[in-house]
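Colleague: One structure coming up, written as structure tokens, with questions to follow.
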Number of protein chains: 2
Amino acid sequence: MSSKQKKSTKYNQATLATPKNFLVPIMLLLLRDFNVHGYELRKKMIQFGIETVDQGNFYRLLRKLEEDAMVTSEWDTTAGGPAKRIYSITETGEQYLDLWANSLGEYQKMLNQFFTMYNPFFSPFSFVPKTEDSKEEQE
Amino acid sequence: MSSKQKKSTKYNQATLATPKNFLVPIMLLLLRDFNVHGYELRKKMIQFGIETVDQGNFYRLLRKLEEDAMVTSEWDTTAGGPAKRIYSITETGEQYLDLWANSLGEYQKMLNQFFTMYNPFFSPFSFVPKTEDSKEEQE
DNA sequence: TGCTTATATGTGTAATATACACCTATGTGA
DNA sequence: TCACATAGGTGTATATTACACATATAAGCA
């Protein structure tokens with residue numbers, strides 16, 4: 001227990017509550033409704049509420065989704081500027097999205113349970129911040 | 001593009017929608033309400049709805065939480081069987097839990113948004129599965 | 001006694017996923 | 001010609017998780 005110079009153990013503050021692979025279902029959902037290129041899609045995702053979408057990982061993921069036949073793309077050189085890959089979702093992709101939706105639904109239930117236990121006054125769509133009074137019974 | 005023998009690229013089915021570090025807030029929440037040992041806590045987490053809680057990672061995480069002063073523990077040798085570490089949350093831990101709660105709240109909003117877009121008939125607490133009819137307009 | 005099972009707490013390490021830094025290229029406008 | 005927005009990436013270190021395995025105590029039972 002001496003000379004501790006740990007690797008600053010951090011369950012990264014910035015990364016709090018970022019679910020694994022969460023970009024995937026949102027990408028698929030957006031591509032189900034819009035046929036767009038990556039750069040545009042990425043903007044949509046940020047609008048969606050994901051504040052940080054790493055550009056590198058984003059494109060890498062898109063290519064992987066294509067490799068796995070979840071989406072297809074074709075080059076668009078008609079417009080000015082750099083060539084774009086226009087993406088669209090496939091049947092497989094839609095099925096995969098449905099799988100994700102089930103999974104996210106499960107997770108949503110757990111979140112509701114979490115908040116019910118965290119703050120008994122909680123109910124979705126009317127979040128009441130926890131008061132000091134509500135944590136008196138201390139075991 | 002020849003001789004593809006990829007590493008079977010899989011956004012793991014089993015791991016779908018497993019949020020990063022999700023064990024942490026649930027551990028803290030449960031420890032806020034109960035002073036228990038790891039083995040017991042793990043059972044509670046499974047009851048909570050987390051189907052797979054890897055034992056190894058679980059204990060490792062507990063020790064890390066203690067190392068970071070989120071929880072404290074003391075050995076209990078009064079009961080029969082192997083000695084147990086009884087855990088309880090600290091002030092720091094409670095504050096960290098609050099941080100997590102905010103973060104999870106944000107995420108919950110995104111989930112609601114996801115489902116609103118995924119299935120327009122969706123509303124929380126009355127989930128209506130997507131019908132075939134609802135996906136006719138195909139761009 | 002020896003064997004099995006449940007309880008209880010861990011370690012080692014490979015596979016995955018993500019963050020962060022960096023690269024290439026086209027077109028617009030100052 | 002230089003900066004900047006658009007567009008699409010690669011390399012790699014770090015973080016997180018999965019999976020296999022290790023240790024120890026006690027109870028049941030043949």
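Chain labels run A, B, ... following the order of the structure tokens; each chain numbers its residues from 1, and ligands are numbered from 1 in the order shown.
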May I ask you to extract the residues of chain D within 9 Å of chain B, using only C-alpha atoms (C1' of nucleotides), and to give them as an NGL selection string?

Modeller: :D and (16-18 or 24-26)

Colleague: Write out as JSON, numbers by chain each polymer residue whose atoms come within 8 Å of stretch 84-91 of chain B, counting only C-alpha atoms (C1' of nucleotides); drop sequence neighbours fewer than 4 positions from it.

Modeller: {"B": [28, 31, 32, 34, 35, 36, 37, 38, 69, 70, 71, 72, 73, 74, 75, 76, 77, 95], "C": [8]}

Colleague: Provide the atom CA of B:Val24 to atom CA of A:Thr116 distance in Å, to one decimal place.

Modeller: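 Here the two named atoms are 17.0 Å from each other.
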
Colleague: Can you build me a table of chain C residues sitting at most 9 Å from chain B, with the closest atom pair per residue and its distance in Å to one decimal, using only C-alpha atoms (C1' of nucleotides), sorted by chain and residue number, as JSON lines?

Modeller:
{"residue": "C:DT7", "atom": "C1'", "partner": "B:Gly81", "partner_atom": "CA", "distance": 6.8}
{"residue": "C:DA8", "atom": "C1'", "partner": "B:Pro82", "partner_atom": "CA", "distance": 5.5}
{"residue": "C:DT9", "atom": "C1'", "partner": "B:Tyr59", "partner_atom": "CA", "distance": 7.3}
{"residue": "C:DG10", "atom": "C1'", "partner": "B:Tyr59", "partner_atom": "CA", "distance": 6.9}
{"residue": "C:DT11", "atom": "C1'", "partner": "B:Gly56", "partner_atom": "CA", "distance": 8.3}
{"residue": "C:DT16", "atom": "C1'", "partner": "B:Tyr11", "partner_atom": "CA", "distance": 8.9}

Colleague: Pick out the chain B residues within 6 Å of chain A. Count only C-alpha atoms. Give them as a list of chain:residue names.

Modeller: B:Ala17, B:Thr18, B:Pro19, B:Lys20, B:Ser103, B:Leu104

Colleague: So, counting only C-alpha atoms (C1' of nucleotides), which residue among A:Leu41, A:Glu51, A:Leu61, A:Met27 is closest to C:DT18?

Modeller: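 Of the candidates, the smallest distance to C:DT18 is held by A:Leu61.
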
Colleague: Give the answer as one residue: which of D:DC29, D:DA13, D:DA22, D:DA5 has the shortest atom-to-atom distance to C:DT26, using only C-alpha atoms (C1' of nucleotides)?

Modeller: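 Among the listed residues, D:DA5 lies closest to C:DT26.
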
Colleague: DSSP says alpha helix (DSSP H) for which residues of stretch 17-137 of chain B? Put them as a PyMOL selection string?

Modeller: chain B and resi 23-33+38-48+55-67+91-118
